[in-house]
Amino acid sequence: MSPVPIVALDVPDAGAALSLVEELGDACRFYKIGSELFTACGPSIVRQVRSTGADVFLDLKFHDIPNTVSGAVRRAAAMGARLVTVHAAGGLAMLRAAVAAAGDASDCAVLAVTVLTSLDGGELAATWGRDPLQLQMVDEVIRLGTLAREAGAAGVVCSAREARAVKEGLGPSFAVLIPGIRMTGGAVHDQSRTSTPAEAAATGADYVVVGRAVTAASDRARAMRELQLQLG
């Protein structure tokens, strides 16, 4: 089965977001709302996008004490988010609190962010105080993914470079969402570990997130159709 495409609403206000949702129409039925748009508009933007019949991936990457994360995830589920993200590095107790909070709403799943796709191995080693010669990105992703699975999370966010190993090591039912999707030959912008739609699909990914490859295209509907073709 092809991955579900999610378009990132990385825009500054509700008007721009809803205009994009209207323009893409039935070509896209799942949207990511991240920190910029949510900070500008608050919970109302989630409800507005949901009112169009589209699903929402609320990508706020919660990372705090368990009680705070529990409350945040519970509110996210109540406002209609279908997917929410928390940082796997928050630890087992925090992850379990997030899963328990989402469990009150059976149609909201928690995904654990492993390593941001903007980081390469050297940057990750520097951030975590590790020897870059002894740090393997895929091992770190699997380690954090194992923690997330133990906590009951639905899956993880990782790059396509690690996705196949996650599926093989943690099981095919453990969901993988791949951000940083770029069309063949497209600019990578501020991402370090990107992939094309075909590369992501080949890993067995369940979801892919695409941003500027669609939203900055001169013909967004055409770009969305091309994305879907490349996903297979």
# chains A, B, ... in the order shown; residues from 1 in each chain; ligands from 1
$ residues_around --residues "A:Ala97" --least-positions-apart "2" --cutoff "9 Å" --atoms "only C-alpha atoms" --output "list in words"
Pro66, Asn67, Val69, Ser70, Gly71, Val73, Leu92, Ala93, Met94, Leu95, Val99, Ala100, Ala101, Ala102 and Ala151 of chain A
$ select_by_dssp --residues "stretch 3-229 of chain A" --states "helix (DSSP H, G or I)" --output "ChimeraX atom specification"
/A:14-27,35-41,43-50,66-78,88-90,92-102,121-128,137-151,160-170,197-202,212-215,220-229
$ write_last_selection --atoms "C-alpha atoms" --output "JSON list (two decimals), in the first residue's frame"
[["chain", "number", "residue", "atom", "x", "y", "z"],
["A", 14, "ALA", "CA", -5.26, 30.85, 8.71],
["A", 15, "GLY", "CA", -6.18, 32.56, 5.45],
["A", 16, "ALA", "CA", -3.15, 31.14, 3.64],
["A", 17, "ALA", "CA", -3.70, 27.71, 5.16],
["A", 18, "LEU", "CA", -7.37, 27.45, 4.27],
["A", 19, "SER", "CA", -6.72, 28.81, 0.79],
["A", 20, "LEU", "CA", -4.23, 26.01, 0.22],
["A", 21, "VAL", "CA", -6.63, 23.40, 1.56],
["A", 22, "GLU", "CA", -9.35, 24.71, -0.76],
["A", 23, "GLU", "CA", -7.01, 24.81, -3.75],
["A", 24, "LEU", "CA", -5.89, 21.20, -3.33],
["A", 25, "GLY", "CA", -9.42, 19.97, -2.60],
["A", 26, "ASP", "CA", -9.83, 16.21, -2.94],
["A", 27, "ALA", "CA", -6.22, 15.84, -4.09],
["A", 35, "SER", "CA", 4.50, 25.28, 15.37],
["A", 36, "GLU", "CA", 4.34, 28.39, 13.19],
["A", 37, "LEU", "CA", 0.71, 28.09, 12.14],
["A", 38, "PHE", "CA", -0.50, 26.78, 15.50],
["A", 39, "THR", "CA", 1.24, 29.59, 17.38],
["A", 40, "ALA", "CA", -0.35, 32.14, 15.06],
["A", 41, "CYS", "CA", -3.87, 30.74, 15.09],
["A", 43, "PRO", "CA", -6.67, 25.43, 18.24],
["A", 44, "SER", "CA", -9.18, 27.07, 15.90],
["A", 45, "ILE", "CA", -7.03, 26.27, 12.85],
["A", 46, "VAL", "CA", -7.21, 22.56, 13.65],
["A", 47, "ARG", "CA", -10.99, 22.75, 13.82],
["A", 48, "GLN", "CA", -11.19, 24.81, 10.62],
["A", 49, "VAL", "CA", -9.12, 22.33, 8.63],
["A", 50, "ARG", "CA", -11.08, 19.42, 10.11],
["A", 66, "PRO", "CA", 4.76, 13.66, 31.73],
["A", 67, "ASN", "CA", 1.82, 15.54, 33.26],
["A", 68, "THR", "CA", 2.24, 18.52, 30.94],
["A", 69, "VAL", "CA", 2.57, 16.34, 27.85],
["A", 70, "SER", "CA", -0.44, 14.28, 28.92],
["A", 71, "GLY", "CA", -2.59, 17.39, 29.11],
["A", 72, "ALA", "CA", -1.36, 18.71, 25.78],
["A", 73, "VAL", "CA", -2.00, 15.44, 23.95],
["A", 74, "ARG", "CA", -5.44, 15.12, 25.51],
["A", 75, "ARG", "CA", -6.36, 18.60, 24.24],
["A", 76, "ALA", "CA", -4.92, 17.85, 20.80],
["A", 77, "ALA", "CA", -7.06, 14.73, 20.54],
["A", 78, "ALA", "CA", -10.15, 16.62, 21.71],
["A", 88, "ALA", "CA", 11.09, 10.07, 22.02],
["A", 89, "ALA", "CA", 13.99, 11.64, 23.95],
["A", 90, "GLY", "CA", 11.44, 12.75, 26.56],
["A", 92, "LEU", "CA", 9.52, 6.30, 28.79],
["A", 93, "ALA", "CA", 7.31, 7.92, 31.43],
["A", 94, "MET", "CA", 6.55, 10.90, 29.19],
["A", 95, "LEU", "CA", 5.83, 8.65, 26.21],
["A", 96, "ARG", "CA", 3.49, 6.48, 28.25],
["A", 97, "ALA", "CA", 1.66, 9.55, 29.53],
["A", 98, "ALA", "CA", 1.17, 10.77, 25.97],
["A", 99, "VAL", "CA", -0.14, 7.41, 24.77],
["A", 100, "ALA", "CA", -2.51, 7.14, 27.73],
["A", 101, "ALA", "CA", -3.86, 10.62, 27.04],
["A", 102, "ALA", "CA", -4.43, 9.88, 23.37],
["A", 121, "GLY", "CA", 25.48, 12.41, 12.21],
["A", 122, "GLY", "CA", 28.05, 15.00, 13.26],
["A", 123, "GLU", "CA", 25.44, 17.43, 14.55],
["A", 124, "LEU", "CA", 23.65, 14.68, 16.45],
["A", 125, "ALA", "CA", 26.90, 13.53, 18.06],
["A", 126, "ALA", "CA", 27.71, 17.09, 19.13],
["A", 127, "THR", "CA", 24.21, 17.62, 20.53],
["A", 128, "TRP", "CA", 24.22, 14.39, 22.54],
["A", 137, "MET", "CA", 22.25, 7.28, 13.04],
["A", 138, "VAL", "CA", 20.22, 4.16, 12.35],
["A", 139, "ASP", "CA", 21.16, 2.68, 15.74],
["A", 140, "GLU", "CA", 19.97, 5.84, 17.50],
["A", 141, "VAL", "CA", 16.68, 5.80, 15.61],
["A", 142, "ILE", "CA", 16.10, 2.13, 16.44],
["A", 143, "ARG", "CA", 16.99, 2.73, 20.10],
["A", 144, "LEU", "CA", 14.48, 5.57, 20.40],
["A", 145, "GLY", "CA", 11.93, 3.67, 18.34],
["A", 146, "THR", "CA", 12.21, 0.69, 20.68],
["A", 147, "LEU", "CA", 11.50, 2.99, 23.62],
["A", 148, "ALA", "CA", 8.46, 4.41, 21.82],
["A", 149, "ARG", "CA", 7.11, 0.96, 21.01],
["A", 150, "GLU", "CA", 7.55, -0.12, 24.65],
["A", 151, "ALA", "CA", 5.47, 2.92, 25.67],
["A", 160, "ALA", "CA", 13.82, 7.30, 4.79],
["A", 161, "ARG", "CA", 17.40, 6.28, 5.48],
["A", 162, "GLU", "CA", 16.32, 4.60, 8.71],
["A", 163, "ALA", "CA", 12.73, 3.67, 7.87],
["A", 164, "ARG", "CA", 13.43, 0.24, 6.41],
["A", 165, "ALA", "CA", 15.46, -0.73, 9.48],
["A", 166, "VAL", "CA", 12.60, 0.43, 11.71],
["A", 167, "LYS", "CA", 10.11, -1.71, 9.81],
["A", 168, "GLU", "CA", 12.43, -4.71, 9.89],
["A", 169, "GLY", "CA", 13.45, -4.29, 13.52],
["A", 170, "LEU", "CA", 10.25, -3.07, 15.17],
["A", 197, "PRO", "CA", 8.56, 9.99, -2.81],
["A", 198, "ALA", "CA", 9.64, 6.77, -4.52],
["A", 199, "GLU", "CA", 12.47, 6.23, -2.05],
["A", 200, "ALA", "CA", 10.11, 6.75, 0.88],
["A", 201, "ALA", "CA", 7.51, 4.38, -0.56],
["A", 202, "ALA", "CA", 10.13, 1.69, -1.10],
["A", 212, "ARG", "CA", 7.50, 23.30, -0.37],
["A", 213, "ALA", "CA", 7.66, 20.74, -3.18],
["A", 214, "VAL", "CA", 3.87, 21.19, -3.33],
["A", 215, "THR", "CA", 3.09, 24.42, -1.52],
["A", 220, "ARG", "CA", 0.07, 23.05, -6.65],
["A", 221, "ALA", "CA", -2.61, 20.63, -7.84],
["A", 222, "ARG", "CA", -0.29, 19.37, -10.56],
["A", 223, "ALA", "CA", 2.56, 18.99, -8.04],
["A", 224, "MET", "CA", 0.24, 17.01, -5.76],
["A", 225, "ARG", "CA", -0.73, 14.69, -8.60],
["A", 226, "GLU", "CA", 2.94, 14.16, -9.44],
["A", 227, "LEU", "CA", 3.66, 13.34, -5.80],
["A", 228, "GLN", "CA", 0.92, 10.74, -5.73],
["A", 229, "LEU", "CA", 2.20, 9.17, -8.95]]
$ residues_around --residues "A:Tyr31" --least-positions-apart "5" --cutoff "7 Å" --atoms "only C-alpha atoms" --output "VMD selection string"
chain A and resid 6 to 9 55 to 57
$ residues_around --residues "A:Val113" --least-positions-apart "3" --cutoff "7 Å" --atoms "only C-alpha atoms" --output "ChimeraX atom specification"
/A:85-88,156-158
$ write_last_selection --atoms "C-alpha atoms" --output "compact mmCIF listing (two decimals), in the first residue's frame"
# COMPACT_ATOMS: atom_id res chain seq x y z
CA THR A 85 4.07 14.04 17.81
CA VAL A 86 6.15 13.86 20.96
CA HIS A 87 9.93 13.61 21.26
CA ALA A 88 11.09 10.07 22.02
CA VAL A 156 7.87 6.98 14.85
CA VAL A 157 9.01 9.88 12.73
CA CYS A 158 12.33 9.24 11.00
$ select_by_dssp --residues "stretch 64-100 of chain A" --states "strand (DSSP E)" --output "list in words"
Leu83, Val84, Thr85, Val86 and His87 of chain A
$ residues_around --residues "A:Tyr207" --least-positions-apart "4" --cutoff "9 Å" --atoms "only C-alpha atoms" --output "list in words"
Ser2, Pro3, Val4, Pro5, Ile6, Ala175, Val176, Leu177, Ile178, Pro179, Ala200 and Ala201 of chain A
$ write_last_selection --atoms "C-alpha atoms" --output "mmCIF file, in the first residue's frame"
data_model
loop_
_atom_site.group_PDB
_atom_site.id
_atom_site.type_symbol
_atom_site.label_atom_id
_atom_site.label_comp_id
_atom_site.auth_asym_id
_atom_site.auth_seq_id
_atom_site.Cartn_x
_atom_site.Cartn_y
_atom_site.Cartn_z
ATOM 1 C CA SER A 2 1.283 3.471 -0.875
ATOM 2 C CA PRO A 3 2.105 5.898 1.942
ATOM 3 C CA VAL A 4 -0.534 8.462 2.872
ATOM 4 C CA PRO A 5 0.630 11.912 1.676
ATOM 5 C CA ILE A 6 0.398 14.771 4.174
ATOM 6 C CA ALA A 175 3.973 3.060 11.765
ATOM 7 C CA VAL A 176 6.649 5.150 10.100
ATOM 8 C CA LEU A 177 6.160 8.761 9.037
ATOM 9 C CA ILE A 178 8.846 10.263 6.805
ATOM 10 C CA PRO A 179 9.196 14.057 6.609
ATOM 11 C CA ALA A 200 10.108 6.753 0.876
ATOM 12 C CA ALA A 201 7.511 4.385 -0.561
#
